[in-house]
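Here the structure is laid out as structure tokens; the discussion comes afterwards.
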Amino acid sequence: MDVLPLDSFIVINHTFLNDQNREVLSLLYQPIMGSIAFNLYVTLWGFIGNENINHYDIVNTMQLKLEDICKAREKLEALGLLKTYVKKGDLNEYIYELYSPLTAYEFINNPILDTSLFNNVGKKAYENIVNKFSIPNINLSEYKDISKTFRDVFSFTQTKRINNKNIVKVKHLGLDFEPTIDLREVLGNIPSELIDYKSIDSNTRMLIYQLALVYGYDNKTMTTIIEDSLGCNKKIETDVLKTNCRNYYKFENKNHVPAIVDREQPYAWRSNTNGGSKLDLYIKELEEASPKEFLTSKNGGCEPTRADLKLIEYLLIDLNLKPGVVNVLIDYVLRINNNKLNKAYVEKIASQWIRCNINTVADAINIAKGENKKKIKQQSKKLPDWLDKEIKSDLMSEEELRAFEKELGVGIND
């Protein structure tokens with residue numbers, strides 16, 4: 001449903017925006033949902049208690065297009081931070097219910113959110129974030145707890161309590177997603193003498209659904225993993241289940257974490273342009289497509305080969321290139337190397353980009369364009385035939401470069 005600037009709204013508070021919540025939103029949620037959604041959450045919180053306001057007030061406050069704000073709102077909804085209701089009329093009326101983010105512990109122990117964070121920030125940044133929320137491991141065996149209790153310090157007399165049922169309570173929304181497995185079938189395939197079905201509560205069922213979604217497991221695979229995660233008391237040990245799911249995936253995928261090749265450019269490294277030029281649209285395409293998706297499109301819809309996927313994983317994991325930068329690298333090499341992704345050649349260019357600290361799509365495009373022009377100028381004399389056959393594809397011709405830049409809507413001398 002399209003939202004109009006004059007459509008009114010009110011914000012209902014189901015949260016407290018304290019320092020801890022801000023830190024969780026900033027470090028854990030923001031890499032997944034992006035800065036616009038983060039700012040929208042804070043902006044809506046600022047509108048709590050306001051009356052006679054409409055969506056133009058949000059547009060005016062955030063200085064963004066309403067379309068971008070609505071997309072950000074959907075991300076908040078998908079992450080369980082916002083619930084939206086609408087009453088239709090000549091001008092629609094909206095109710096936005098703000099919900100608290102999960103605690104850091106709850107977030108990191110949620111397989112879907114945890115994996116999404118890892119895929120957006122990479123291994124090193126992920127470890128730094130998790131360490132920030134970790135509690136120092138101090139041995140208290142030689143210490144004595146001397147803390148006072150409430151009655152040790154305070155005294156009180158019983159009085160009649162006032163009605164406080166409308167006081168704000170912190171509430172969380174769960175992630176809303178479609179299950180990818182039939183849990184009844186998964187559990188039904190496990191002999192009853194091995195498992196205590198009554199011990200499987202709603203939290204365990206939700207965890208199984210989440211793990212199956214994150215790792216892409218089918219009914220048969222989840223049955224096997226659950227069987228291996230049963231304790232001597234016939235109950236599913238959830239920590240063991242999570243470990244087994246991860247280990248099984250790493251074994252099947254040669255020690256790689258899930259969906260690495262499906263990562264998109266992190267929002268922190270995306271451009272803020274809303275322009276409609278060919279270059280802007282090209283940048284947006286490279287930012288919003290994962291390397292696997294982009295290479296599939298370059299292959300005319302055919303899935304990349306195992307060798308190409310291994311190369312992408314190498315660029316993302318070992319060289320720690322951003323997904324959007326990998327897309328530019330793929331496009332550049334395919335154009336100048338007869339549609340072939342030679343690992344040694346790709347690695348050579350990637351190493352240069354790393355030294356130049358290339359993190360954004362725009363920077364990658366600029367360095368690729370500049371490097372190709374430099375090579376054309378340096379190649380001033382004709383090469384021997386035998387050598388020309390080896391490296392003639394390493395350069396775009398002047399005509400090809402002009403055509404490429406025309407496609408982007410920029411000039412060769414820009």
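Quick note on naming: the chains in the structure tokens go A, B, ... in the order shown, residues restart at 1 in each chain, and ligands are numbered from 1 in order of appearance.
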### Message
What's around Pro179 (chain A) at 10 Å? Count only C-alpha atoms, leave out sequence neighbours fewer than 3 positions away in its own chain, and write the answer as a list of chain:residue names.
### Response
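So the residues in contact are A:Asp176, A:Asp182, A:Leu183, A:Met206, A:Ile208, A:Tyr209, A:Gln210, A:Ala212, A:Leu213.
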Determine, counting only C-alpha atoms, which protein, DNA and RNA residues have an atom within 12 Å of an atom of Ala344 (chain A); residues of the same chain fewer than 6 positions away are not included. Present the result as a short mmCIF file (atom, residue, chain, number, x, y, z; two decimals) with N, CA and C atoms, in the first residue's frame.
data_model
loop_
_atom_site.label_atom_id
_atom_site.label_comp_id
_atom_site.auth_asym_id
_atom_site.auth_seq_id
_atom_site.Cartn_x
_atom_site.Cartn_y
_atom_site.Cartn_z
N LEU A 311 36.39 -19.10 -5.97
CA LEU A 311 37.12 -17.86 -6.16
C LEU A 311 36.42 -16.71 -5.44
N TYR A 314 36.99 -17.02 -1.77
CA TYR A 314 38.36 -16.61 -1.47
C TYR A 314 38.46 -15.08 -1.37
N LEU A 315 37.82 -14.39 -2.31
CA LEU A 315 37.86 -12.93 -2.30
C LEU A 315 37.15 -12.36 -1.07
N VAL A 333 37.06 -7.81 -14.79
CA VAL A 333 37.90 -8.89 -15.32
C VAL A 333 37.22 -9.58 -16.49
N ALA A 350 42.94 -7.78 -7.19
CA ALA A 350 42.36 -7.66 -5.85
C ALA A 350 43.40 -7.18 -4.84
N SER A 351 44.62 -7.69 -4.95
CA SER A 351 45.68 -7.28 -4.02
C SER A 351 45.96 -5.79 -4.12
#
### Query
Can you list, as a PyMOL selection string, every residue of region 29-255 of chain A that DSSP puts in strand (DSSP E)?
chain A and resi 82-87+93-99
### Task
Within region 185-317 of chain A, find each residue whose DSSP state, derived from the backbone, is alpha helix (DSSP H), and express the selection as an MDAnalysis selection string.
chainID A and resid 185:188 202:215 219:227 238:252 278:288 291:298 306:313
